[in-house]
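Novice: You'll find entry-v1.cif just under this line, and it carries mmCIF, C-alpha atoms and all ligand atoms.
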```
data_final
#
loop_
_atom_site.label_atom_id
_atom_site.label_comp_id
_atom_site.auth_asym_id
_atom_site.auth_seq_id
_atom_site.Cartn_x
_atom_site.Cartn_y
_atom_site.Cartn_z
CA MET A 1 10.55 132.37 172.19
CA ASN A 2 11.99 133.15 175.60
CA PRO A 3 9.12 134.81 177.48
CA GLU A 4 11.50 137.04 179.43
CA GLN A 5 13.05 138.44 176.29
CA GLU A 6 11.70 141.67 174.82
CA PRO A 7 9.95 140.80 171.62
CA VAL A 8 12.00 142.15 168.74
CA ALA A 9 10.04 144.36 166.43
CA PRO A 10 10.47 143.47 162.75
CA LEU A 11 12.65 145.92 160.81
CA SER A 12 10.89 148.48 158.72
CA TRP A 13 11.54 148.56 154.97
CA ASP A 14 13.76 151.58 155.40
CA GLU A 15 15.79 149.83 158.08
CA THR A 16 16.02 146.64 156.04
CA LEU A 17 17.26 148.45 152.94
CA GLU A 18 19.73 150.55 154.92
CA SER A 19 21.07 147.46 156.69
CA LEU A 20 21.59 145.64 153.41
CA ARG A 21 23.23 148.69 151.87
CA ARG A 22 25.79 148.73 154.71
CA VAL A 23 26.43 145.02 154.53
CA ALA A 24 26.97 145.21 150.77
CA ALA A 25 29.23 148.25 151.09
CA ALA A 26 31.32 146.52 153.75
CA PHE A 27 31.82 143.42 151.59
CA GLU A 28 35.47 143.37 150.54
CA ILE A 29 36.14 142.66 146.88
CA GLY A 30 39.85 142.04 146.44
CA ASP A 31 39.94 139.64 143.52
CA ALA A 32 37.78 137.92 140.93
CA ALA A 33 36.71 135.19 143.33
CA ALA A 34 35.46 137.75 145.87
CA ALA A 35 33.60 139.62 143.12
CA GLU A 36 31.82 136.40 142.21
CA ALA A 37 30.98 135.73 145.89
CA TYR A 38 29.55 139.26 146.11
CA ARG A 39 27.38 138.67 143.04
CA LEU A 40 26.13 135.32 144.41
CA ARG A 41 25.29 136.78 147.80
CA PHE A 42 23.41 139.88 146.66
CA LEU A 43 22.46 139.71 142.99
CA SER A 44 21.95 136.06 142.03
CA LYS A 45 18.52 134.44 141.83
CA LYS A 46 18.63 133.64 145.53
CA GLY A 47 20.67 136.71 146.45
CA GLU A 48 19.56 139.07 149.22
CA VAL A 49 18.57 141.94 146.94
CA THR A 50 16.59 139.61 144.69
CA ARG A 51 14.74 138.12 147.67
CA LEU A 52 13.70 141.62 148.78
CA PHE A 53 12.03 142.13 145.41
CA GLU A 54 9.97 138.96 146.06
CA ALA A 55 8.83 140.35 149.42
CA PHE A 56 8.15 143.71 147.82
CA ARG A 57 5.53 142.17 145.50
CA ALA A 58 3.23 141.63 148.55
CA LEU A 59 3.07 145.37 149.24
CA SER A 60 0.26 147.61 148.06
CA GLY A 61 -0.77 151.23 148.15
CA PRO A 62 1.53 154.23 148.50
CA GLU A 63 4.16 152.18 150.43
CA LYS A 64 4.70 150.03 147.37
CA LYS A 65 5.74 153.03 145.32
CA SER A 66 8.25 154.47 147.81
CA VAL A 67 9.75 151.03 148.69
CA GLY A 68 9.96 150.17 144.98
CA GLN A 69 11.98 153.30 144.26
CA ALA A 70 14.31 152.69 147.24
CA LEU A 71 14.73 149.03 146.31
CA ASN A 72 15.57 149.87 142.70
CA ALA A 73 18.11 152.43 143.92
CA LEU A 74 19.73 149.82 146.19
CA ARG A 75 19.90 147.26 143.40
CA THR A 76 21.51 149.78 141.06
CA GLU A 77 24.05 150.70 143.72
CA VAL A 78 24.95 147.08 144.44
CA GLU A 79 25.17 146.25 140.73
CA GLU A 80 27.41 149.24 139.98
CA ARG A 81 29.82 148.25 142.71
CA TRP A 82 29.94 144.71 141.38
CA LYS A 83 30.60 145.87 137.79
CA GLU A 84 33.38 148.19 138.87
CA ALA A 85 34.96 145.55 141.06
CA SER A 86 34.76 142.90 138.32
CA ALA A 87 36.43 145.16 135.78
CA GLY A 88 39.12 146.09 138.30
CA THR A 89 40.00 142.52 139.22
CA ALA A 90 40.09 141.42 135.57
CA GLN A 91 42.48 144.28 134.75
CA ALA A 92 44.68 143.41 137.67
CA ALA A 93 44.79 139.75 136.66
CA ALA A 94 45.64 140.64 133.09
CA ALA A 95 48.37 143.04 134.21
CA SER A 96 49.99 140.45 136.46
CA GLY A 97 49.43 137.63 133.99
CA ALA A 98 48.30 135.48 136.90
CA THR A 99 45.10 134.20 135.38
CA ALA A 100 44.65 133.72 131.68
CA PRO A 101 41.14 134.40 130.45
CA ALA A 102 39.19 131.20 130.12
CA ALA A 103 39.34 129.70 126.63
CA ALA A 104 36.22 130.35 124.62
CA PRO A 105 34.91 126.95 123.51
CA GLN A 106 33.43 128.34 120.29
CA LEU A 107 36.83 129.46 118.96
CA PRO A 108 38.41 127.18 116.33
CA ALA A 109 41.11 124.83 117.65
CA PRO A 110 44.72 125.70 116.81
CA VAL A 111 45.92 124.06 113.60
CA TRP A 112 48.73 121.55 114.21
CA GLY A 113 50.86 120.86 111.16
CA ARG A 114 51.42 117.29 110.07
CA GLY A 115 54.74 115.87 111.17
CA SER A 116 57.26 114.64 108.65
CA ARG A 117 60.09 112.14 108.81
CA HIS A 118 63.65 113.34 109.04
CA PRO A 119 65.49 113.04 105.70
CA LEU A 120 68.04 110.70 107.31
CA SER A 121 65.22 108.42 108.45
CA LEU A 122 63.77 108.42 104.93
CA THR A 123 67.09 107.41 103.37
CA ARG A 124 67.69 104.77 106.02
CA ARG A 125 64.24 103.31 105.39
CA LEU A 126 64.89 103.25 101.64
CA MET A 127 68.13 101.35 102.22
CA LEU A 128 66.80 98.91 104.79
CA ASP A 129 63.74 98.15 102.67
CA PHE A 130 66.00 97.13 99.81
CA PHE A 131 68.34 94.93 101.86
CA GLY A 132 65.43 93.56 103.86
CA GLU A 133 63.87 92.18 100.67
CA LEU A 134 67.13 90.37 99.96
CA GLY A 135 66.96 88.65 103.33
CA PHE A 136 69.32 90.88 105.32
CA ARG A 137 68.34 90.99 108.98
CA TRP A 138 68.58 94.25 110.94
CA SER A 139 71.05 94.19 113.86
CA GLU A 140 71.95 96.86 116.39
CA GLY A 141 74.46 97.30 119.18
CA PRO A 142 75.76 99.76 121.78
CA GLU A 143 77.41 103.06 120.83
CA ILE A 144 80.09 102.66 123.53
CA VAL A 145 82.23 99.61 122.77
CA ASP A 146 85.58 98.14 123.76
CA ASP A 147 88.71 98.19 121.64
CA TRP A 148 88.20 94.59 120.47
CA HIS A 149 84.78 95.15 118.92
CA ASN A 150 85.69 98.45 117.23
CA PHE A 151 89.30 97.76 116.18
CA GLY A 152 90.96 94.54 117.36
CA ALA A 153 88.65 91.98 115.78
CA LEU A 154 88.59 93.99 112.56
CA HIS A 155 92.29 93.67 111.92
CA PHE A 156 93.27 97.26 112.63
CA GLU A 157 97.01 97.22 113.14
CA ALA A 158 98.17 98.80 116.39
CA ASP A 159 99.53 101.82 114.50
CA HIS A 160 96.57 102.29 112.16
CA PRO A 161 95.76 106.02 111.90
CA ALA A 162 92.11 105.40 112.81
CA ARG A 163 93.28 104.33 116.26
CA ASP A 164 94.84 107.73 116.78
CA MET A 165 93.25 110.06 119.30
CA GLN A 166 92.59 112.47 116.42
CA ASP A 167 89.93 110.18 115.00
CA THR A 168 88.36 108.48 117.99
CA PHE A 169 86.53 109.65 121.08
CA PHE A 170 87.85 107.55 123.95
CA VAL A 171 85.57 107.16 126.95
CA ASN A 172 88.09 105.24 129.03
CA LEU A 173 91.73 104.31 128.37
CA ASP A 174 92.34 101.41 130.74
CA PRO A 175 90.50 99.31 129.85
CA VAL A 176 89.77 101.00 126.54
CA TYR A 177 86.18 102.02 125.87
CA LEU A 178 85.28 104.36 123.04
CA LEU A 179 82.43 105.77 120.98
CA ARG A 180 82.19 103.40 118.03
CA THR A 181 83.72 104.81 114.85
CA HIS A 182 81.66 102.49 112.64
CA THR A 183 78.82 100.01 113.05
CA SER A 184 81.24 97.21 112.15
CA SER A 185 81.35 96.74 115.92
CA VAL A 186 77.84 95.33 115.63
CA GLN A 187 78.99 92.98 112.87
CA VAL A 188 81.73 91.62 115.14
CA LYS A 189 79.07 90.87 117.76
CA GLU A 190 76.92 89.12 115.14
CA MET A 191 79.83 87.05 113.77
CA MET A 192 80.83 85.91 117.25
CA LYS A 193 77.37 84.39 117.73
CA GLY A 194 78.49 81.73 115.23
CA LEU A 195 75.12 81.45 113.50
CA LEU A 196 75.93 80.87 109.81
CA PRO A 197 75.14 81.74 107.12
CA LEU A 198 74.94 85.37 108.29
CA ARG A 199 73.21 88.12 106.35
CA THR A 200 72.79 91.34 108.31
CA VAL A 201 72.63 95.14 108.01
CA SER A 202 73.61 97.34 110.95
CA PRO A 203 72.27 100.89 110.92
CA GLY A 204 73.31 103.36 113.58
CA ARG A 205 75.08 106.49 114.73
CA VAL A 206 78.88 106.59 114.77
CA TYR A 207 81.44 109.12 116.02
CA ARG A 208 84.74 110.48 114.70
CA ASN A 209 86.85 113.13 116.33
CA GLU A 210 86.75 115.47 113.36
CA THR A 211 86.28 119.20 112.94
CA VAL A 212 82.67 120.04 112.19
CA SER A 213 82.28 121.65 108.78
CA ALA A 214 79.87 121.69 105.85
CA ARG A 215 81.30 118.37 104.64
CA SER A 216 82.08 116.46 107.83
CA HIS A 217 80.69 116.10 111.31
CA MET A 218 81.85 114.39 114.46
CA GLN A 219 78.70 112.27 114.40
CA PHE A 220 76.97 110.66 111.46
CA HIS A 221 75.00 107.54 110.54
CA GLN A 222 75.92 104.39 108.69
CA VAL A 223 74.32 101.30 107.32
CA GLU A 224 76.88 98.52 107.20
CA GLY A 225 76.10 95.21 105.53
CA LEU A 226 77.66 91.78 105.97
CA TYR A 227 77.09 88.47 104.23
CA ILE A 228 78.97 85.33 105.22
CA ASP A 229 78.34 81.94 103.67
CA ARG A 230 80.10 79.25 101.68
CA ASP A 231 81.43 80.37 98.29
CA VAL A 232 80.56 84.05 98.57
CA SER A 233 82.42 85.91 95.83
CA PHE A 234 83.16 89.47 94.77
CA ALA A 235 80.70 88.95 91.90
CA ASP A 236 77.93 88.48 94.49
CA LEU A 237 78.93 91.76 96.10
CA LYS A 238 78.93 93.61 92.78
CA LYS A 239 75.51 92.28 91.87
CA VAL A 240 73.93 93.31 95.18
CA LEU A 241 75.43 96.80 95.10
CA TYR A 242 74.51 97.30 91.44
CA ASP A 243 70.87 96.48 92.25
CA PHE A 244 71.12 98.82 95.23
CA ALA A 245 72.31 101.67 92.99
CA ILE A 246 69.40 101.07 90.62
CA HIS A 247 67.02 101.04 93.60
CA LEU A 248 68.31 104.47 94.65
CA PHE A 249 69.07 106.21 91.37
CA GLY A 250 67.00 104.49 88.71
CA PRO A 251 67.68 101.95 85.92
CA ASP A 252 70.05 104.13 83.90
CA VAL A 253 72.69 104.39 86.60
CA GLN A 254 76.14 102.93 85.98
CA ILE A 255 78.59 101.86 88.66
CA ARG A 256 82.34 101.43 88.88
CA PHE A 257 84.64 99.99 91.52
CA ARG A 258 87.95 101.60 92.43
CA PRO A 259 90.58 99.67 94.42
CA SER A 260 90.84 100.97 97.98
CA TYR A 261 92.07 99.92 101.40
CA PHE A 262 90.22 99.02 104.58
CA PRO A 263 91.86 96.99 107.35
CA PHE A 264 88.99 94.49 107.55
CA THR A 265 88.44 93.68 103.86
CA GLU A 266 90.70 92.19 101.19
CA PRO A 267 90.35 93.14 98.40
CA SER A 268 88.69 96.49 99.18
CA ALA A 269 86.95 98.91 96.87
CA GLU A 270 85.02 102.12 96.74
CA MET A 271 81.97 102.21 94.54
CA ASP A 272 81.03 105.19 92.38
CA VAL A 273 77.81 105.81 90.50
CA THR A 274 77.34 108.00 87.46
CA CYS A 275 76.51 111.52 88.57
CA PHE A 276 72.72 111.70 88.68
CA LEU A 277 72.75 115.47 88.25
CA CYS A 278 74.74 115.74 85.04
CA SER A 279 74.33 112.11 83.87
CA GLY A 280 78.08 111.81 83.66
CA GLN A 281 78.66 115.03 81.70
CA GLY A 282 80.46 116.74 84.59
CA CYS A 283 79.23 119.27 87.17
CA ASN A 284 80.17 120.81 90.53
CA VAL A 285 78.74 117.96 92.58
CA CYS A 286 80.87 115.32 90.79
CA LYS A 287 83.80 117.74 90.48
CA HIS A 288 83.46 117.39 86.70
CA SER A 289 84.44 113.72 86.80
CA GLY A 290 80.96 112.41 85.99
CA TRP A 291 81.15 110.03 88.99
CA VAL A 292 80.28 110.28 92.69
CA GLU A 293 81.46 107.88 95.38
CA ILE A 294 78.65 106.41 97.48
CA LEU A 295 80.13 103.56 99.53
CA GLY A 296 83.08 101.41 100.55
CA CYS A 297 83.10 97.62 100.35
CA GLY A 298 85.20 94.49 100.00
CA MET A 299 85.60 90.82 100.78
CA VAL A 300 85.89 90.17 104.52
CA ASP A 301 89.55 89.60 105.41
CA PRO A 302 89.98 85.91 106.38
CA GLN A 303 91.83 87.04 109.50
CA VAL A 304 88.68 88.92 110.63
CA LEU A 305 86.63 85.72 110.20
CA GLU A 306 89.17 83.78 112.25
CA ASN A 307 89.20 86.50 114.95
CA CYS A 308 85.46 86.01 115.31
CA GLY A 309 85.62 82.22 115.44
CA ILE A 310 84.61 81.49 111.83
CA ASP A 311 86.55 78.95 109.76
CA SER A 312 87.93 80.99 106.86
CA GLU A 313 88.76 77.81 104.95
CA VAL A 314 85.05 77.05 104.70
CA TYR A 315 83.38 80.44 104.77
CA SER A 316 83.89 83.69 102.94
CA GLY A 317 81.93 86.90 102.94
CA TYR A 318 81.55 90.45 101.76
CA ALA A 319 80.92 93.68 103.63
CA PHE A 320 79.96 97.21 102.73
CA GLY A 321 79.47 100.48 104.56
CA ILE A 322 77.31 103.38 103.44
CA GLY A 323 77.10 106.83 105.04
CA ILE A 324 73.45 107.83 105.35
CA GLU A 325 74.26 111.57 105.50
CA ARG A 326 76.42 111.42 102.37
CA LEU A 327 73.80 109.53 100.40
CA THR A 328 71.04 111.90 101.54
CA MET A 329 73.12 114.96 100.64
CA LEU A 330 73.74 113.55 97.17
CA ARG A 331 70.16 112.54 96.53
CA HIS A 332 68.70 115.89 97.66
CA ARG A 333 71.63 118.21 96.79
CA ILE A 334 71.99 119.29 100.42
CA PRO A 335 75.09 121.50 100.66
CA ASP A 336 75.80 121.33 104.41
CA ILE A 337 75.80 118.26 106.68
CA ARG A 338 75.09 120.44 109.72
CA LEU A 339 71.54 121.08 108.45
CA PHE A 340 70.62 117.53 109.52
CA TYR A 341 71.17 118.28 113.21
CA GLU A 342 69.78 121.80 113.58
CA ASN A 343 66.15 120.68 113.90
CA ASP A 344 64.95 123.52 111.70
CA VAL A 345 61.44 122.43 110.81
CA ARG A 346 61.55 124.42 107.53
CA PHE A 347 64.39 122.16 106.41
CA VAL A 348 62.96 118.90 107.66
CA LYS A 349 59.51 119.45 106.15
CA GLN A 350 60.85 119.51 102.60
CA PHE A 351 61.35 115.78 102.30
CA GLY A 352 57.87 114.26 102.55
CA VAL A 353 56.42 112.01 105.20
ZN ZN B 401 77.89 115.68 87.88
#
```
As a first step, turn the structure in this file into structure tokens.
Specialist:
Amino acid sequence: MNPEQEPVAPLSWDETLESLRRVAAAFEIGDAAAAEAYRLRFLSKKGEVTRLFEAFRALSGPEKKSVGQALNALRTEVEERWKEASAGTAQAAAASGATAPAAAPQLPAPVWGRGSRHPLSLTRRLMLDFFGELGFRWSEGPEIVDDWHNFGALHFEADHPARDMQDTFFVNLDPVYLLRTHTSSVQVKEMMKGLLPLRTVSPGRVYRNETVSARSHMQFHQVEGLYIDRDVSFADLKKVLYDFAIHLFGPDVQIRFRPSYFPFTEPSAEMDVTCFLCSGQGCNVCKHSGWVEILGCGMVDPQVLENCGIDSEVYSGYAFGIGIERLTMLRHRIPDIRLFYENDVRFVKQFGV
């Protein structure tokens, strides 16, 4: 201690309590963090009020009684202010939404529903599983393609209606790039690799410039199949598609082929199956014919093989194209194709995992 300095007399209990009362009253409590700082400084185990109680235990006699009463009064005062301030800051936080109340760890965790596969994915898997077992390899390609891969190689005449702007989304006109109108563009790519025999299925999204309605959409999904080898015949095609129909609709299904036209197959056909709802008796779904169309198919036009560098004198092949949406709508009696793209979980959850 500096000898020249007046020795400072220790504060009396009254002075100590009054000093602490002022300090506590002057402490600003503006938010929850300040309220917590206030509690730590004055009321916690090592807080200033608590420490005074420890010192108070050393007192005795009449002083102990009066100091005890004053100390209790101070503690009550400090505690009240803290409680009021805490309630006020919590209300303010709740009103402003700034700070969410801390999660209570004993509450049960929110229940997350199990996810389910999209019905289109389920149908696609069903189809690819079947063709995969027959040795068909999965192939994919870009959704934006040039004119050659989508039309030219596939023997679309220059004036074929499918080339019309009404049916195709063109991305660029010179040179021509477009959103593929079928996954046959992938088959062209596979054929041009020259690896024979070729047995492949090409699933994917395709685009047509059509008005969106319950029955048609400007985007949908296909699985197209292609088999090229020596001595491939229409009988091979019929056998594979018959087995496919049984795989999808059960052993009692019957099939029929109707002559049709596609630029890239000759001969071409559309395949119907007996209506699985009325078993051929006639209903709304089959328009009372007893049959529903499920795919288009045919023998690959020799000109298409030649366009892709395959000797059509040696090789022949068949091809088929199946709309995944159409097949899914038929199998599950879905009345509107737009339901597939609305992401309504109530719809999607109905089809299993
Ligand atoms: Zn029917």
Novice: Please tabulate, as a tab-separated table, the residues of chain A that come within 7 Å of ligand ZN 401 (chain B), each with its closest pair of atoms and the distance in Å to one decimal, counting all atoms listed in the file and ordering rows by chain, then residue number upward.
Specialist:
```
residue	atom	partner	partner_atom	distance
A:Cys275	CA	B:ZN401	ZN	4.4
A:Phe276	CA	B:ZN401	ZN	6.6
A:Leu277	CA	B:ZN401	ZN	5.2
A:Cys278	CA	B:ZN401	ZN	4.2
A:Ser279	CA	B:ZN401	ZN	6.4
A:Gly280	CA	B:ZN401	ZN	5.7
A:Gln281	CA	B:ZN401	ZN	6.3
A:Gly282	CA	B:ZN401	ZN	4.3
A:Cys283	CA	B:ZN401	ZN	3.9
A:Asn284	CA	B:ZN401	ZN	6.2
A:Val285	CA	B:ZN401	ZN	5.3
A:Cys286	CA	B:ZN401	ZN	4.2
A:Lys287	CA	B:ZN401	ZN	6.8
A:His288	CA	B:ZN401	ZN	5.9
A:Ser289	CA	B:ZN401	ZN	6.9
A:Gly290	CA	B:ZN401	ZN	4.9
A:Trp291	CA	B:ZN401	ZN	6.6
```
Novice: Within 7 Å of stretch 320-342 of chain A, which residues of stretch 112-180 of chain A show up? Give each one with its shortest atom-to-atom distance in Å (one decimal) and the two atoms involved, counting all atoms listed in the file, rows by chain then rising residue number, as a Markdown table.
Specialist:
```
| residue | atom | partner | partner_atom | distance |
| --- | --- | --- | --- | --- |
| A:Leu120 | CA | A:Ile324 | CA | 6.4 |
| A:Thr123 | CA | A:Thr328 | CA | 6.3 |
| A:Arg124 | CA | A:Ile324 | CA | 6.6 |
```
Novice: In terms of the shortest atom-to-atom distance over all atoms listed in the file, which of A:Leu126, A:Asp164, A:Pro119, A:Gly317 is closest to A:Arg199?
Specialist: A:Gly317
Novice: A:Asp252: which residues within 12 Å, counting only C-alpha atoms, same-chain residues fewer than 2 positions away excluded, as a list in words?
Specialist: Tyr242, Asp243, Ala245, Ile246, His247, Leu248, Phe249, Gly250, Gln254, Ile255, Val273, Thr274, Cys275, Phe276, Ser279 and Gly280 of chain A
Novice: Restricting the output to C-alpha atoms, write the selected residues as a PDB file, keeping the file's coordinate frame.
Specialist:
```pdb
ATOM      1  CA  TYR A 242      74.510  97.300  91.440  1.00  0.00           C
ATOM      2  CA  ASP A 243      70.870  96.480  92.250  1.00  0.00           C
ATOM      3  CA  ALA A 245      72.310 101.670  92.990  1.00  0.00           C
ATOM      4  CA  ILE A 246      69.400 101.070  90.620  1.00  0.00           C
ATOM      5  CA  HIS A 247      67.020 101.040  93.600  1.00  0.00           C
ATOM      6  CA  LEU A 248      68.310 104.470  94.650  1.00  0.00           C
ATOM      7  CA  PHE A 249      69.070 106.210  91.370  1.00  0.00           C
ATOM      8  CA  GLY A 250      67.000 104.490  88.710  1.00  0.00           C
ATOM      9  CA  GLN A 254      76.140 102.930  85.980  1.00  0.00           C
ATOM     10  CA  ILE A 255      78.590 101.860  88.660  1.00  0.00           C
ATOM     11  CA  VAL A 273      77.810 105.810  90.500  1.00  0.00           C
ATOM     12  CA  THR A 274      77.340 108.000  87.460  1.00  0.00           C
ATOM     13  CA  CYS A 275      76.510 111.520  88.570  1.00  0.00           C
ATOM     14  CA  PHE A 276      72.720 111.700  88.680  1.00  0.00           C
ATOM     15  CA  SER A 279      74.330 112.110  83.870  1.00  0.00           C
ATOM     16  CA  GLY A 280      78.080 111.810  83.660  1.00  0.00           C
TER      17      GLY A 280
END
```
Novice: Would you compute the distance between atom CA of A:Pro142 and atom CA of A:Glu190? Give it in Å to one decimal.
Specialist: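 Those two atoms sit 12.6 Å apart.
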Novice: Could you tell me how far atom CA of A:Leu305 sits from atom CA of A:Ala158, in Å to one decimal place?
Specialist: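 Pair atom CA of A:Ala158 / atom CA of A:Leu305 returns 18.5 Å.
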